[in-house]
Structures are given as structure tokens and as C-alpha cells.
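File shown: run-v8.pdb. Contents: PDB, C-alpha atoms and all ligand atoms.
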```pdb
ATOM      1  CA  MET A1398      45.841 118.881  29.915  1.00  0.00           C
ATOM      2  CA  ASN A1399      42.838 116.698  30.537  1.00  0.00           C
ATOM      3  CA  GLU A1400      40.612 116.097  33.497  1.00  0.00           C
ATOM      4  CA  LEU A1401      42.004 113.870  36.238  1.00  0.00           C
ATOM      5  CA  THR A1402      40.001 111.569  38.478  1.00  0.00           C
ATOM      6  CA  ILE A1403      41.645 110.664  41.765  1.00  0.00           C
ATOM      7  CA  ASN A1404      40.076 109.044  44.839  1.00  0.00           C
ATOM      8  CA  GLY A1405      36.759 109.241  42.958  1.00  0.00           C
ATOM      9  CA  LEU A1406      36.937 113.058  42.545  1.00  0.00           C
ATOM     10  CA  THR A1407      37.320 114.771  39.170  1.00  0.00           C
ATOM     11  CA  PHE A1408      39.620 117.761  38.728  1.00  0.00           C
ATOM     12  CA  GLU A1409      39.908 120.113  35.753  1.00  0.00           C
ATOM     13  CA  PRO A1410      42.862 122.257  34.575  1.00  0.00           C
ATOM     14  CA  TYR A1411      43.186 125.557  36.434  1.00  0.00           C
ATOM     15  CA  LEU A1412      46.663 127.158  36.406  1.00  0.00           C
ATOM     16  CA  LYS A1413      49.325 126.224  33.865  1.00  0.00           C
ATOM     17  CA  GLU A1414      52.940 125.569  34.792  1.00  0.00           C
ATOM     18  CA  SER A1415      54.128 128.543  32.678  1.00  0.00           C
ATOM     19  CA  ASP A1416      51.704 130.934  34.410  1.00  0.00           C
ATOM     20  CA  ILE A1417      52.752 129.635  37.829  1.00  0.00           C
ATOM     21  CA  GLN A1418      56.421 130.196  36.967  1.00  0.00           C
ATOM     22  CA  LYS A1419      55.702 133.792  35.888  1.00  0.00           C
ATOM     23  CA  GLN A1420      54.078 134.555  39.228  1.00  0.00           C
ATOM     24  CA  VAL A1421      56.927 132.862  41.122  1.00  0.00           C
ATOM     25  CA  GLN A1422      59.369 135.202  39.347  1.00  0.00           C
ATOM     26  CA  ARG A1423      57.224 138.244  40.163  1.00  0.00           C
ATOM     27  CA  VAL A1424      56.845 137.269  43.818  1.00  0.00           C
ATOM     28  CA  ALA A1425      60.616 136.667  44.068  1.00  0.00           C
ATOM     29  CA  SER A1426      61.340 140.152  42.684  1.00  0.00           C
ATOM     30  CA  GLU A1427      58.918 141.720  45.135  1.00  0.00           C
ATOM     31  CA  ILE A1428      60.461 139.872  48.063  1.00  0.00           C
ATOM     32  CA  ARG A1429      64.004 140.781  46.983  1.00  0.00           C
ATOM     33  CA  ALA A1430      63.049 144.452  46.734  1.00  0.00           C
ATOM     34  CA  SER A1431      61.529 144.422  50.216  1.00  0.00           C
ATOM     35  CA  LEU A1432      64.432 142.809  52.079  1.00  0.00           C
ATOM     36  CA  THR A1433      66.958 144.859  54.015  1.00  0.00           C
ATOM     37  CA  THR A1434      69.557 142.118  54.549  1.00  0.00           C
ATOM     38  CA  ASP A1435      71.319 139.690  52.189  1.00  0.00           C
ATOM     39  CA  ASN A1436      70.565 136.545  54.118  1.00  0.00           C
ATOM     40  CA  PRO A1437      66.857 136.096  54.744  1.00  0.00           C
ATOM     41  CA  LEU A1438      65.610 132.795  56.094  1.00  0.00           C
ATOM     42  CA  LEU A1439      62.891 131.209  54.007  1.00  0.00           C
ATOM     43  CA  LEU A1440      60.723 129.003  56.184  1.00  0.00           C
ATOM     44  CA  CYS A1441      58.911 126.467  54.071  1.00  0.00           C
ATOM     45  CA  VAL A1442      55.739 125.055  55.610  1.00  0.00           C
ATOM     46  CA  LEU A1443      55.653 121.350  54.778  1.00  0.00           C
ATOM     47  CA  ASN A1444      54.348 119.454  53.061  1.00  0.00           C
ATOM     48  CA  GLY A1445      52.474 121.505  50.491  1.00  0.00           C
ATOM     49  CA  ALA A1446      54.919 124.405  50.027  1.00  0.00           C
ATOM     50  CA  PHE A1447      57.985 122.345  49.115  1.00  0.00           C
ATOM     51  CA  VAL A1448      57.625 122.795  45.343  1.00  0.00           C
ATOM     52  CA  PHE A1449      56.903 126.542  45.564  1.00  0.00           C
ATOM     53  CA  ALA A1450      59.735 127.006  48.081  1.00  0.00           C
ATOM     54  CA  ALA A1451      62.278 125.311  45.797  1.00  0.00           C
ATOM     55  CA  ASP A1452      61.269 127.460  42.832  1.00  0.00           C
ATOM     56  CA  LEU A1453      61.075 130.621  44.937  1.00  0.00           C
ATOM     57  CA  LEU A1454      64.509 130.123  46.486  1.00  0.00           C
ATOM     58  CA  ARG A1455      66.067 129.737  43.044  1.00  0.00           C
ATOM     59  CA  ALA A1456      64.081 132.669  41.608  1.00  0.00           C
ATOM     60  CA  LEU A1457      65.236 134.875  44.502  1.00  0.00           C
ATOM     61  CA  ASP A1458      68.773 134.481  43.233  1.00  0.00           C
ATOM     62  CA  MET A1459      70.327 135.560  46.542  1.00  0.00           C
ATOM     63  CA  PRO A1460      73.356 133.391  47.319  1.00  0.00           C
ATOM     64  CA  GLU A1461      73.159 134.100  51.052  1.00  0.00           C
ATOM     65  CA  ALA A1462      69.467 133.263  51.413  1.00  0.00           C
ATOM     66  CA  GLU A1463      68.843 130.205  53.600  1.00  0.00           C
ATOM     67  CA  ILE A1464      65.926 127.810  53.705  1.00  0.00           C
ATOM     68  CA  SER A1465      64.520 125.660  56.471  1.00  0.00           C
ATOM     69  CA  PHE A1466      61.444 123.505  56.839  1.00  0.00           C
ATOM     70  CA  VAL A1467      58.697 123.386  59.440  1.00  0.00           C
ATOM     71  CA  ARG A1468      55.515 121.435  59.573  1.00  0.00           C
ATOM     72  CA  PHE A1469      52.068 121.208  61.022  1.00  0.00           C
ATOM     73  CA  LYS A1470      48.801 120.097  59.617  1.00  0.00           C
ATOM     74  CA  SER A1471      45.341 121.626  59.735  1.00  0.00           C
ATOM     75  CA  TYR A1472      43.737 119.896  56.811  1.00  0.00           C
ATOM     76  CA  GLU A1473      42.234 116.512  56.135  1.00  0.00           C
ATOM     77  CA  GLY A1474      40.648 115.518  52.837  1.00  0.00           C
ATOM     78  CA  THR A1475      38.992 118.479  51.153  1.00  0.00           C
ATOM     79  CA  SER A1476      37.794 120.569  54.103  1.00  0.00           C
ATOM     80  CA  SER A1477      39.623 122.431  56.853  1.00  0.00           C
ATOM     81  CA  THR A1478      39.288 120.851  60.285  1.00  0.00           C
ATOM     82  CA  GLY A1479      40.195 124.157  61.900  1.00  0.00           C
ATOM     83  CA  GLU A1480      42.582 122.298  64.205  1.00  0.00           C
ATOM     84  CA  ILE A1481      46.185 123.340  64.325  1.00  0.00           C
ATOM     85  CA  LYS A1482      48.703 120.825  65.579  1.00  0.00           C
ATOM     86  CA  GLN A1483      52.109 121.415  67.074  1.00  0.00           C
ATOM     87  CA  LEU A1484      54.837 123.048  65.007  1.00  0.00           C
ATOM     88  CA  ILE A1485      57.914 120.900  64.452  1.00  0.00           C
ATOM     89  CA  GLY A1486      61.260 121.560  62.835  1.00  0.00           C
ATOM     90  CA  LEU A1487      62.218 125.075  63.907  1.00  0.00           C
ATOM     91  CA  THR A1488      65.803 124.477  64.977  1.00  0.00           C
ATOM     92  CA  GLU A1489      67.424 127.717  63.751  1.00  0.00           C
ATOM     93  CA  ASP A1490      68.121 130.674  65.972  1.00  0.00           C
ATOM     94  CA  ILE A1491      65.989 133.274  64.221  1.00  0.00           C
ATOM     95  CA  THR A1492      66.870 136.154  66.537  1.00  0.00           C
ATOM     96  CA  GLY A1493      67.327 139.275  64.431  1.00  0.00           C
ATOM     97  CA  ARG A1494      66.652 137.441  61.162  1.00  0.00           C
ATOM     98  CA  GLU A1495      64.417 138.495  58.313  1.00  0.00           C
ATOM     99  CA  VAL A1496      62.066 135.547  57.970  1.00  0.00           C
ATOM    100  CA  VAL A1497      59.937 134.830  54.923  1.00  0.00           C
ATOM    101  CA  ILE A1498      57.289 132.201  55.583  1.00  0.00           C
ATOM    102  CA  VAL A1499      56.635 130.234  52.408  1.00  0.00           C
ATOM    103  CA  GLU A1500      53.138 128.779  52.185  1.00  0.00           C
ATOM    104  CA  ASP A1501      51.451 126.941  49.353  1.00  0.00           C
ATOM    105  CA  ILE A1502      48.048 128.402  50.114  1.00  0.00           C
ATOM    106  CA  VAL A1503      46.370 130.568  52.718  1.00  0.00           C
ATOM    107  CA  ASP A1504      42.806 129.427  53.249  1.00  0.00           C
ATOM    108  CA  THR A1505      41.327 130.192  56.694  1.00  0.00           C
ATOM    109  CA  GLY A1506      44.552 131.903  57.769  1.00  0.00           C
ATOM    110  CA  LEU A1507      44.865 129.883  60.980  1.00  0.00           C
ATOM    111  CA  THR A1508      48.228 128.361  60.097  1.00  0.00           C
ATOM    112  CA  ALA A1509      49.604 131.773  59.139  1.00  0.00           C
ATOM    113  CA  VAL A1510      48.524 133.493  62.347  1.00  0.00           C
ATOM    114  CA  LYS A1511      49.998 130.789  64.545  1.00  0.00           C
ATOM    115  CA  LEU A1512      53.326 130.796  62.700  1.00  0.00           C
ATOM    116  CA  ARG A1513      53.715 134.570  62.670  1.00  0.00           C
ATOM    117  CA  GLU A1514      53.096 134.780  66.423  1.00  0.00           C
ATOM    118  CA  LEU A1515      55.573 132.035  67.100  1.00  0.00           C
ATOM    119  CA  LEU A1516      58.334 133.529  64.958  1.00  0.00           C
ATOM    120  CA  VAL A1517      57.934 136.994  66.431  1.00  0.00           C
ATOM    121  CA  SER A1518      58.078 135.483  69.934  1.00  0.00           C
ATOM    122  CA  HIS A1519      61.342 133.764  68.915  1.00  0.00           C
ATOM    123  CA  GLY A1520      62.900 137.165  68.194  1.00  0.00           C
ATOM    124  CA  ALA A1521      62.706 137.447  64.399  1.00  0.00           C
ATOM    125  CA  LYS A1522      63.599 140.925  63.111  1.00  0.00           C
ATOM    126  CA  SER A1523      60.729 140.764  60.661  1.00  0.00           C
ATOM    127  CA  VAL A1524      58.244 138.163  59.502  1.00  0.00           C
ATOM    128  CA  VAL A1525      56.517 138.301  56.135  1.00  0.00           C
ATOM    129  CA  MET A1526      54.619 135.650  54.262  1.00  0.00           C
ATOM    130  CA  ALA A1527      54.727 134.539  50.632  1.00  0.00           C
ATOM    131  CA  ALA A1528      51.808 132.359  49.574  1.00  0.00           C
ATOM    132  CA  LEU A1529      51.511 131.027  46.067  1.00  0.00           C
ATOM    133  CA  LEU A1530      47.740 130.988  46.447  1.00  0.00           C
ATOM    134  CA  PHE A1531      45.368 133.014  48.576  1.00  0.00           C
ATOM    135  CA  LYS A1532      41.634 132.444  49.027  1.00  0.00           C
ATOM    136  CA  PRO A1533      40.385 135.891  50.140  1.00  0.00           C
ATOM    137  CA  ALA A1534      36.838 134.687  50.708  1.00  0.00           C
ATOM    138  CA  SER A1535      37.936 131.980  53.168  1.00  0.00           C
ATOM    139  CA  ILE A1536      40.165 133.953  55.485  1.00  0.00           C
ATOM    140  CA  THR A1537      38.739 134.128  59.008  1.00  0.00           C
ATOM    141  CA  VAL A1538      41.773 135.295  60.991  1.00  0.00           C
ATOM    142  CA  GLY A1539      44.915 137.315  60.389  1.00  0.00           C
ATOM    143  CA  GLN A1540      45.917 139.269  57.359  1.00  0.00           C
ATOM    144  CA  LYS A1541      46.510 138.879  53.665  1.00  0.00           C
ATOM    145  CA  PRO A1542      50.011 137.500  52.949  1.00  0.00           C
ATOM    146  CA  GLU A1543      52.444 140.260  51.941  1.00  0.00           C
ATOM    147  CA  PHE A1544      53.326 138.359  48.744  1.00  0.00           C
ATOM    148  CA  VAL A1545      50.707 136.442  46.790  1.00  0.00           C
ATOM    149  CA  GLY A1546      51.050 134.536  43.525  1.00  0.00           C
ATOM    150  CA  PHE A1547      47.365 134.168  42.729  1.00  0.00           C
ATOM    151  CA  GLU A1548      44.122 135.136  44.457  1.00  0.00           C
ATOM    152  CA  ILE A1549      41.651 132.331  43.852  1.00  0.00           C
ATOM    153  CA  PRO A1550      38.063 131.507  44.766  1.00  0.00           C
ATOM    154  CA  SER A1551      37.354 129.152  47.676  1.00  0.00           C
ATOM    155  CA  ARG A1552      37.575 125.975  45.668  1.00  0.00           C
ATOM    156  CA  PHE A1553      39.667 122.892  46.374  1.00  0.00           C
ATOM    157  CA  ILE A1554      42.814 122.664  44.276  1.00  0.00           C
ATOM    158  CA  ILE A1555      45.630 120.181  43.799  1.00  0.00           C
ATOM    159  CA  GLY A1556      49.068 120.012  42.154  1.00  0.00           C
ATOM    160  CA  TYR A1557      52.354 121.961  42.386  1.00  0.00           C
ATOM    161  CA  GLY A1558      52.843 120.570  45.901  1.00  0.00           C
ATOM    162  CA  LEU A1559      49.179 120.572  46.945  1.00  0.00           C
ATOM    163  CA  ASP A1560      47.740 117.163  47.692  1.00  0.00           C
ATOM    164  CA  LEU A1561      44.603 115.141  47.868  1.00  0.00           C
ATOM    165  CA  ASP A1562      45.170 112.841  50.836  1.00  0.00           C
ATOM    166  CA  GLY A1563      48.891 112.799  50.113  1.00  0.00           C
ATOM    167  CA  LYS A1564      48.611 112.208  46.371  1.00  0.00           C
ATOM    168  CA  VAL A1565      49.163 114.371  43.241  1.00  0.00           C
ATOM    169  CA  ARG A1566      51.747 116.719  44.760  1.00  0.00           C
ATOM    170  CA  GLY A1567      53.966 116.157  41.709  1.00  0.00           C
ATOM    171  CA  LEU A1568      51.558 117.626  39.147  1.00  0.00           C
ATOM    172  CA  ARG A1569      53.274 120.529  37.350  1.00  0.00           C
ATOM    173  CA  ASP A1570      50.002 122.357  36.783  1.00  0.00           C
ATOM    174  CA  ILE A1571      47.323 123.231  39.331  1.00  0.00           C
ATOM    175  CA  MET A1572      43.907 121.628  38.941  1.00  0.00           C
ATOM    176  CA  VAL A1573      40.577 122.445  40.575  1.00  0.00           C
ATOM    177  CA  LEU A1574      37.815 120.179  41.822  1.00  0.00           C
ATOM    178  CA  LYS A1575      34.916 120.332  39.389  1.00  0.00           C
ATOM    179  CA  GLU A1576      31.981 122.388  40.731  1.00  0.00           C
ATOM    180  CA  ASN A1577      29.514 119.516  40.672  1.00  0.00           C
ATOM    181  CA  GLU A1578      31.911 117.342  42.710  1.00  0.00           C
ATOM    182  CA  LYS A1579      31.731 119.442  45.906  1.00  0.00           C
TER     183      LYS A1579
HETATM  184  P1  LIG B1601      44.690 127.466  56.585  1.00  0.00           P
HETATM  185  O1  LIG B1601      45.325 127.297  57.926  1.00  0.00           O
HETATM  186  O2  LIG B1601      44.984 128.797  55.911  1.00  0.00           O
HETATM  187  O3  LIG B1601      43.215 127.163  56.601  1.00  0.00           O
HETATM  188  O4  LIG B1601      45.194 126.298  55.673  1.00  0.00           O
HETATM  189  C1  LIG B1601      46.389 126.259  55.074  1.00  0.00           C
HETATM  190  C2  LIG B1601      46.697 124.834  54.645  1.00  0.00           C
HETATM  191  O5  LIG B1601      45.514 124.098  54.273  1.00  0.00           O
HETATM  192  C3  LIG B1601      47.536 124.882  53.401  1.00  0.00           C
HETATM  193  O6  LIG B1601      48.891 124.991  53.705  1.00  0.00           O
HETATM  194  C4  LIG B1601      47.157 123.581  52.713  1.00  0.00           C
HETATM  195  O7  LIG B1601      47.976 122.537  53.196  1.00  0.00           O
HETATM  196  C5  LIG B1601      45.720 123.316  53.117  1.00  0.00           C
HETATM  197  N1  LIG B1601      44.779 123.755  52.067  1.00  0.00           N
HETATM  198  C6  LIG B1601      43.991 124.849  52.062  1.00  0.00           C
HETATM  199  N2  LIG B1601      43.281 124.942  50.930  1.00  0.00           N
HETATM  200  C7  LIG B1601      43.628 123.864  50.171  1.00  0.00           C
HETATM  201  C8  LIG B1601      43.260 123.425  48.844  1.00  0.00           C
HETATM  202  O8  LIG B1601      42.445 124.016  48.106  1.00  0.00           O
HETATM  203  N3  LIG B1601      43.861 122.279  48.401  1.00  0.00           N
HETATM  204  C9  LIG B1601      44.765 121.583  49.144  1.00  0.00           C
HETATM  205  N4  LIG B1601      45.278 120.481  48.597  1.00  0.00           N
HETATM  206  N5  LIG B1601      45.139 121.973  50.396  1.00  0.00           N
HETATM  207  C10 LIG B1601      44.588 123.115  50.890  1.00  0.00           C
END
```

Rewrite the coordinates I just gave you, this time as C-alpha cells.
Amino acid sequence: MNELTINGLTFEPYLKESDIQKQVQRVASEIRASLTTDNPLLLCVLNGAFVFAADLLRALDMPEAEISFVRFKSYEGTSSTGEIKQLIGLTEDITGREVVIVEDIVDTGLTAVKLRELLVSHGAKSVVMAALLFKPASITVGQKPEFVGFEIPSRFIIGYGLDLDGKVRGLRDIMVLKENEK
């Protein structure tokens, strides 16, 4: 795969589709082993996690697993604004359910903390988080996700659901902003 220039920024190859799929399988096995019921609710945080969530749900291979979608946004362009907006889309009764939050990436951790609190206050039996990507150096609040595909440095990445101003979510591989472009 070659470099890609989008919105005037140049990205280079970072994680290959085949490596991503291996980690999705591993994360799915870990989640399956940790669950105590047959029908967990996966809660996909839109928009970025939709690709990971689709692959994860299928890799879980649990016919009674359910999936639902929620959304809020804390990011604009290539840097976190630190603002969390209102959560929308949680229509299920999650009382007594095992909930697995599915995130594309945990950066500052703000989104994760807010969601966990909210789900616990709605009566979830348990709340765990699966993040395809985790930036340990960026986290300012909360905890490491229970299930992590890759730990990565605090660099801006795109692809496999992750966007640059709404674009490039469909890339099968993950690409990283070149160092000199920061
Ligand atoms: P947090 O609340 O942990 O700071 O941010 C989580 C959200 O920020 C992610 O779900 C994602 O939408 C966005 N984000 C964080 N880092 C990146 C990145 O490197 N690339 C892209 N495209 N989005 C990111």
C-alpha cells in the first residue's frame, strides 16, 4: 500500500488488514471467555466503531449476542476538543444485561468514562469495553479498556472506520499521519 494524501495531509501504511483481523479474532475470543451469559449487548459507538463492531460481532460467533448503536462526538479534525456532547441512541432496556462497549479507539478516555457511568446508572449487570486501538500515552481519565486490539503511540490514524473529517472510513488498512505533517 502506498502513501495517501487527503485534505492536504499525507498518511503512510500502519496496520494491515490481515493483522487487524487477527487481533479482532483474539479480542473476540477473550470477550467470549469472559462473558457469563449467552446474550451480551454490544454497544457500538458511532461513527468510527462501525467497521470493528461488524467484524467483532461476527467473530464472537454467539447467535444470541445483540448489537445496538449509540453516538456522540468529541473530536474535530486531528485534535481532541475535549468536549463531550449528548449521547443519543440508547433505546434498549439494559437492566441486568452484560454490556460490551465497542470503541474504535480510546484516546483521552473521556468518551469511555462518560459511557461507562451512564450504562451503570441505567442498571447494566456489567460494563466492559473493547477498543480496537488504545493510545496509553494520551489517556487522561478512566481506565484501560478491558479488551484492546493494539496499543499505539499518540499519533493520528485513519481507516477501518476511523475518519479524517468524515472521509476514508472505508480503508481496509489503518494508516498514520506522517510525523512531519503534525
Ligand atoms: P477520547 O474520548 O478517548 O479522547 O476519543 C475517542 C474518539 O476520538 C474516538 O472514538 C475517535 O472517534 C476519536 N479519535 C481519537 N483518536 C483518533 C485518531 O487517531 N484518529 C481518528 N480518526 N479519530 C480519533

Note to self: From the options A:Gly1493, A:Pro1550, A:Gly1405, A:Gly1556, which residue's atoms come nearest to Thr1433 (chain A), counting only C-alpha atoms?
What the structure shows: A:Gly1493

Check: Which protein, DNA or RNA residues have an atom at most 8 Å from (62.1, 133.4, 53.4), counting all atoms listed in the file? List them as a ChimeraX atom specification.
Finding: /A:1437-1441,1462-1464,1495-1499,1525-1527

Which residues of chain A come within 6 Å of ligand LIG 1601 (chain B), and for each one, what is the closest pair of atoms and their distance in Å to one decimal, counting all atoms listed in the file, sorted by chain and residue number, as JSON lines?
```
{"residue": "A:Gly1445", "atom": "CA", "partner": "B:LIG1601", "partner_atom": "O7", "distance": 5.3}
{"residue": "A:Ser1471", "atom": "CA", "partner": "B:LIG1601", "partner_atom": "O1", "distance": 6.0}
{"residue": "A:Tyr1472", "atom": "CA", "partner": "B:LIG1601", "partner_atom": "O5", "distance": 5.2}
{"residue": "A:Ser1477", "atom": "CA", "partner": "B:LIG1601", "partner_atom": "O3", "distance": 5.9}
{"residue": "A:Glu1500", "atom": "CA", "partner": "B:LIG1601", "partner_atom": "O6", "distance": 5.9}
{"residue": "A:Asp1501", "atom": "CA", "partner": "B:LIG1601", "partner_atom": "O6", "distance": 5.4}
{"residue": "A:Ile1502", "atom": "CA", "partner": "B:LIG1601", "partner_atom": "C3", "distance": 4.8}
{"residue": "A:Val1503", "atom": "CA", "partner": "B:LIG1601", "partner_atom": "O2", "distance": 3.9}
{"residue": "A:Asp1504", "atom": "CA", "partner": "B:LIG1601", "partner_atom": "O2", "distance": 3.5}
{"residue": "A:Thr1505", "atom": "CA", "partner": "B:LIG1601", "partner_atom": "O3", "distance": 3.6}
{"residue": "A:Gly1506", "atom": "CA", "partner": "B:LIG1601", "partner_atom": "O2", "distance": 3.6}
{"residue": "A:Leu1507", "atom": "CA", "partner": "B:LIG1601", "partner_atom": "O1", "distance": 4.0}
{"residue": "A:Thr1508", "atom": "CA", "partner": "B:LIG1601", "partner_atom": "O1", "distance": 3.8}
{"residue": "A:Arg1552", "atom": "CA", "partner": "B:LIG1601", "partner_atom": "O8", "distance": 5.8}
{"residue": "A:Phe1553", "atom": "CA", "partner": "B:LIG1601", "partner_atom": "O8", "distance": 3.5}
{"residue": "A:Ile1554", "atom": "CA", "partner": "B:LIG1601", "partner_atom": "O8", "distance": 4.1}
{"residue": "A:Ile1555", "atom": "CA", "partner": "B:LIG1601", "partner_atom": "N4", "distance": 4.8}
{"residue": "A:Leu1559", "atom": "CA", "partner": "B:LIG1601", "partner_atom": "N4", "distance": 4.2}
{"residue": "A:Asp1560", "atom": "CA", "partner": "B:LIG1601", "partner_atom": "N4", "distance": 4.2}
{"residue": "A:Leu1561", "atom": "CA", "partner": "B:LIG1601", "partner_atom": "N4", "distance": 5.4}
```

Notebook entry, point to check: Gln1483 (chain A): which residues within 12 Å, counting all atoms listed in the file, same-chain residues fewer than 4 positions away excluded, as a list in words?
Noted result: Val1467, Arg1468, Phe1469, Lys1470, Ser1471, Leu1487, Thr1508, Lys1511, Leu1512 and Leu1515 of chain A

Checklist line | Counting only C-alpha atoms, the option among A:Val1545, A:Leu1401, A:Leu1454, A:Gly1520 closest to Arg1423 (chain A) | finding: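 Of the candidates, the smallest distance to Arg1423 (chain A) is held by A:Val1545.
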